[in-house]
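Novice: A single structure is presented below for examination.
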Amino acid sequence: MFRTLLVTLLITSFQVTYAVDSWFEHTIIDNISAEGLYTSDINSDGFIDIITGSDSLIVCINNGDNTFNTHYFSINEGNIYLITSLATADLDSDGDLDIIVVSEYIEDTLIWMENTDNGFLKHSVDNDMQYYYVTVYDIDNDYDMDIITFGSQSHIWFNDNATFTSSLVGNNLGIAYDADIDDYDNDSDLDIVVLTFDNIIMFSNTGNNIYNQGIIDTAEPFQGFWSIESGRINDDLKPDIVVSSNSEIKWYDVYQDTIYSNNIYQLNNYDDISLSIIDMDYDDDSDIICAFKLSNKLLWLENTNDNLWSTHLIGLNETTQNIFGSSVKSEQFDVDPDVEVVLALSSKIVWYDYNDYPLIITPIVTNIPPAGGSILYSLSLVNPTLTAQFGINYWTSITLPNGNTLSPIVTATFNIGRYRTIIIDQLYQNVPSFAPSGTYVHTSNVGYYPESLLNASFEFTKN
């Protein structure tokens with residue numbers, strides 16, 4: 001009945017029911033354990049590049065054709081160096097992006113790499129403090145991008161023609177390893193939210209870069225916070241705060257002087273969850289990309305309405321490598337309009353490209369004579385994942401001219417390998433002579449019968 005050439009498709013079962021999408025995995029760089037994953041158009045060619053590093057700075061230039069050229073730049077020749085965080089900005093106002101690097105090691109803990117025609121030129125900013133996170137904003141509105149660093153303290157390094165002066169924001173009540181900046185209280189200046197293992201801390205800008213410190217939330221006993229991002233979760237046009245801990249993902253709505261917390265996703269087991277916020281489906285609200293380090297899974301939490309979320313598995317069930325560190329980003333890497341996801345694994349960096357058409361059926365014969373006959377169609381299924389699945393069901397259903405549905409009509413079961421495509425170029429379904437005349441709908445289903453996870457349909461006519 002079926003002439004199968006290559007067999008596989010994307011079907012995954014987990015603790016919750018996932019919407020089944022199809023993602024292709026592309027390797028950017030192999031044989032590396034990288035921290036400080038950052039995305040930016042470093043060479044101003046219109047394509048998003050990837051900046052990362054470990055003991056050296058690594059710049060992966062996007063060629064725009066799903067390939068990257070990788071360049072290595074030494075930071076501390078002959079000495080141990082570990083990059084903990086990266087950012088990019090035009091610090092010297094020469095029209096190209098420079099790279100800011102921080103480290104927890106005592107030499108050159110804060111540097112910026114000037115983007116020149118001959119590569120990157122290192123400039124040391126600080127050697128005294130240990131830093132775990134860095135970001136850039138024009139805090140003082142002077143059209144120079146300032147550097148904000150985070151460790152046991154939060155500092156703003158005000159930029160005056162690429163000369164930097166430090167200003168203490170406040171003590172972080174622990175080691176801060178993630179932060180975000182936005183106008184959370186809607187008073188037209190930038191506030192800073194800092195994440196430590198135990199606390200979410202708000203530094204509210206009261207004007208002239210004077211900050212009031214307050215605690216938004218404290219971690220539950222034996223748990224800790226892991227990642228923080230800002231986004232527009234609801235429709236009030238103000239920035240919200242999204243935070244992951246070892247047991248859940250929550251968002252915080254800042255309304256005047258009150259902050260309300262809302263649950264997004266609850267875990268059954270402890271995990272380390274990295275976040276990236278972007279509007280994946282272009283519906284004018286923020287979705288959440290989540291990388292689960294301990295359970296090795298990657299999810300897209302689709303924001304369908306205020307605090308209502310649909311869960312999608314991205315690219316894999318469980319990787320053959322561990323998700324590494326706090327490294328997940330979402331950007332538009334190629335020329336299609338979809339948003340892609342870049343992820344650091346234990347020994348490589350990959351990106352996932354969304355495939356809008358995991359199941360395609362193409363009708364060939366759709367007009368049946370009064371004496372009866374067969375409809376004819378082709379079918380293809382795509383799976384770009386690393387994980388084989390077993391016991392996948394295929395079945396068809398027919399919607400009659402009177403609106404009633406007959407199911408299942410044709411059935412089959414597959415064992416499905418990884419990185420394969422099923423191509424069935426001729427599939428027949430009999431329509432008997434006594435079938436009433438009119439318009440019918442054929443539907444092909446893939447899933448675990450009777451639960452259809454993928455389906456596609458076409459109309460045919462019986463004369």
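In the structure tokens, chains take the letters A, B, ... in the order shown, each chain's residues start at 1, and ligands count up from 1 in the order shown.
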Write out as an MDAnalysis selection string the set of residues from range 199-415 of chain A that DSSP, computed on the backbone, places in strand (DSSP E or B).

Specialist: chainID A and resid 199:205 211:218 225:231 240:245 248:255 258:266 273:278 287:292 297:305 308:313 323:331 340:345 348:355 359:365 367:368 373:383 389:399 405:406 411:415

Novice: Generate the output file for the selected residues, C-alpha atoms, as a CSV table (one decimal), in the first residue's frame.

Specialist:
chain,number,residue,atom,x,y,z
A,199,ASN,CA,17.2,37.6,44.7
A,200,ILE,CA,15.7,39.7,41.9
A,201,ILE,CA,16.9,43.3,42.6
A,202,MET,CA,15.5,46.4,41.1
A,203,PHE,CA,17.7,49.6,40.8
A,204,SER,CA,15.1,52.2,40.1
A,205,ASN,CA,16.5,55.3,38.3
A,211,TYR,CA,19.2,54.6,42.0
A,212,ASN,CA,16.9,53.3,44.7
A,213,GLN,CA,17.4,49.6,45.5
A,214,GLY,CA,14.6,47.2,46.2
A,215,ILE,CA,14.0,43.5,46.1
A,216,ILE,CA,11.3,42.2,43.6
A,217,ASP,CA,11.4,38.6,44.7
A,218,THR,CA,13.4,36.1,46.7
A,225,PHE,CA,17.2,32.1,40.0
A,226,TRP,CA,18.9,31.4,36.8
A,227,SER,CA,18.0,33.8,33.9
A,228,ILE,CA,16.2,37.1,33.3
A,229,GLU,CA,14.9,38.9,30.2
A,230,SER,CA,12.6,41.8,29.5
A,231,GLY,CA,9.6,41.7,27.1
A,240,ASP,CA,7.6,43.2,31.8
A,241,ILE,CA,10.3,41.0,33.5
A,242,VAL,CA,10.6,37.3,32.8
A,243,VAL,CA,12.7,35.2,35.2
A,244,SER,CA,13.5,31.5,35.4
A,245,SER,CA,14.4,29.7,38.6
A,248,GLU,CA,9.6,27.6,37.3
A,249,ILE,CA,9.4,30.5,34.8
A,250,LYS,CA,7.5,33.6,36.0
A,251,TRP,CA,6.8,37.0,34.7
A,252,TYR,CA,6.5,40.2,36.7
A,253,ASP,CA,4.2,43.0,35.7
A,254,VAL,CA,5.3,46.4,37.0
A,255,TYR,CA,2.3,48.7,37.6
A,258,THR,CA,3.4,47.6,42.6
A,259,ILE,CA,4.9,44.5,41.0
A,260,TYR,CA,2.6,41.5,40.3
A,261,SER,CA,4.0,38.0,39.6
A,262,ASN,CA,2.4,35.4,37.3
A,263,ASN,CA,3.4,31.8,36.6
A,264,ILE,CA,4.2,30.8,33.1
A,265,TYR,CA,5.7,27.3,33.3
A,266,GLN,CA,6.1,24.9,36.2
A,273,ILE,CA,16.8,27.3,32.4
A,274,SER,CA,18.2,30.0,30.1
A,275,LEU,CA,15.8,32.4,28.5
A,276,SER,CA,15.6,34.5,25.3
A,277,ILE,CA,12.6,36.8,24.5
A,278,ILE,CA,11.4,37.5,21.0
A,287,ASP,CA,7.3,34.7,23.3
A,288,ILE,CA,9.9,32.9,25.3
A,289,ILE,CA,12.7,30.5,24.2
A,290,CYS,CA,13.8,28.2,27.0
A,291,ALA,CA,16.9,26.1,27.1
A,292,PHE,CA,16.8,23.4,29.9
A,297,LYS,CA,15.4,20.2,25.9
A,298,LEU,CA,14.6,23.4,24.0
A,299,LEU,CA,11.1,24.9,24.1
A,300,TRP,CA,9.3,27.8,22.5
A,301,LEU,CA,6.5,29.1,24.9
A,302,GLU,CA,4.1,30.8,22.6
A,303,ASN,CA,2.2,33.8,24.1
A,304,THR,CA,-1.3,33.2,22.9
A,305,ASN,CA,-3.0,35.7,25.3
A,308,LEU,CA,-1.9,31.8,28.4
A,309,TRP,CA,0.9,29.8,26.8
A,310,SER,CA,1.3,27.1,24.1
A,311,THR,CA,4.3,24.9,24.3
A,312,HIS,CA,6.4,23.9,21.3
A,313,LEU,CA,9.4,21.6,21.2
A,323,ILE,CA,23.1,22.2,26.7
A,324,PHE,CA,25.9,24.3,27.9
A,325,GLY,CA,25.8,27.3,30.3
A,326,SER,CA,23.3,30.0,29.8
A,327,SER,CA,23.6,30.3,26.1
A,328,VAL,CA,20.4,30.6,24.0
A,329,LYS,CA,19.5,33.4,21.6
A,330,SER,CA,16.8,34.0,19.1
A,331,GLU,CA,17.4,36.0,16.0
A,340,GLU,CA,15.8,31.2,14.3
A,341,VAL,CA,17.3,29.9,17.6
A,342,VAL,CA,21.0,29.6,18.3
A,343,LEU,CA,22.1,27.3,21.1
A,344,ALA,CA,25.5,26.4,22.7
A,345,LEU,CA,25.9,22.6,23.3
A,348,LYS,CA,29.4,22.9,19.5
A,349,ILE,CA,27.1,25.8,18.6
A,350,VAL,CA,24.1,25.1,16.5
A,351,TRP,CA,21.1,27.0,15.2
A,352,TYR,CA,17.6,25.9,14.4
A,353,ASP,CA,15.7,27.0,11.4
A,354,TYR,CA,11.9,26.7,11.4
A,355,ASN,CA,10.3,24.6,8.7
A,359,LEU,CA,3.6,17.5,6.4
A,360,ILE,CA,2.8,18.1,2.7
A,361,ILE,CA,0.2,16.2,0.6
A,362,THR,CA,-0.2,17.0,-3.0
A,363,PRO,CA,-3.5,15.9,-4.8
A,364,ILE,CA,-3.0,14.3,-8.2
A,365,VAL,CA,-6.4,12.7,-9.1
A,367,ASN,CA,-12.3,13.8,-9.9
A,368,ILE,CA,-14.1,10.4,-9.4
A,373,GLY,CA,-12.4,5.0,-8.8
A,374,SER,CA,-9.5,6.1,-6.6
A,375,ILE,CA,-8.1,9.4,-5.6
A,376,LEU,CA,-4.4,9.7,-6.0
A,377,TYR,CA,-2.0,11.9,-4.0
A,378,SER,CA,1.6,12.2,-2.9
A,379,LEU,CA,2.9,12.7,0.6
A,380,SER,CA,6.1,13.9,2.3
A,381,LEU,CA,7.1,14.2,5.9
A,382,VAL,CA,10.2,15.8,7.3
A,383,ASN,CA,12.2,15.3,10.5
A,389,GLN,CA,10.8,7.5,17.4
A,390,PHE,CA,8.8,4.3,17.3
A,391,GLY,CA,5.2,3.4,16.7
A,392,ILE,CA,4.1,6.5,14.8
A,393,ASN,CA,0.7,6.1,13.2
A,394,TYR,CA,-0.5,7.4,9.8
A,395,TRP,CA,-4.3,7.3,9.0
A,396,THR,CA,-6.7,9.0,6.7
A,397,SER,CA,-10.2,10.3,7.3
A,398,ILE,CA,-12.9,11.3,4.8
A,399,THR,CA,-15.5,14.1,5.3
A,405,THR,CA,-16.6,12.0,8.9
A,406,LEU,CA,-15.4,8.5,8.4
A,411,THR,CA,-3.8,3.1,8.5
A,412,ALA,CA,-0.1,2.4,8.8
A,413,THR,CA,2.5,2.4,11.6
A,414,PHE,CA,6.1,3.5,11.2
A,415,ASN,CA,9.4,3.3,13.1

Novice: With a distance cut-off of 9 Å and only C-alpha atoms, select the neighbouring residues of Asp284 in chain A, excluding the residue or stretch itself and same-chain residues fewer than 5 positions from it, and output the selection as number ranges by chain.

Specialist: A: 232, 235, 279

Novice: Compare A:Glu107, A:Asp138, A:Asp96, A:Asp182 by their minimum atom-to-atom distance to Asp126 in chain A, counting only C-alpha atoms, and give me the closest one.

Specialist: A:Glu107

Novice: Can you tell me which residues surround Phe197 in chain A at a distance of at most 8 Å, considering only C-alpha atoms, apart from same-chain residues fewer than 5 positions away, and format the answer as a list of chain:residue names?

Specialist: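 These residues fall inside the cut-off: A:Gly174, A:Ile175, A:Ala176, A:Ala219, A:Gly224, A:Phe225, A:Trp226.
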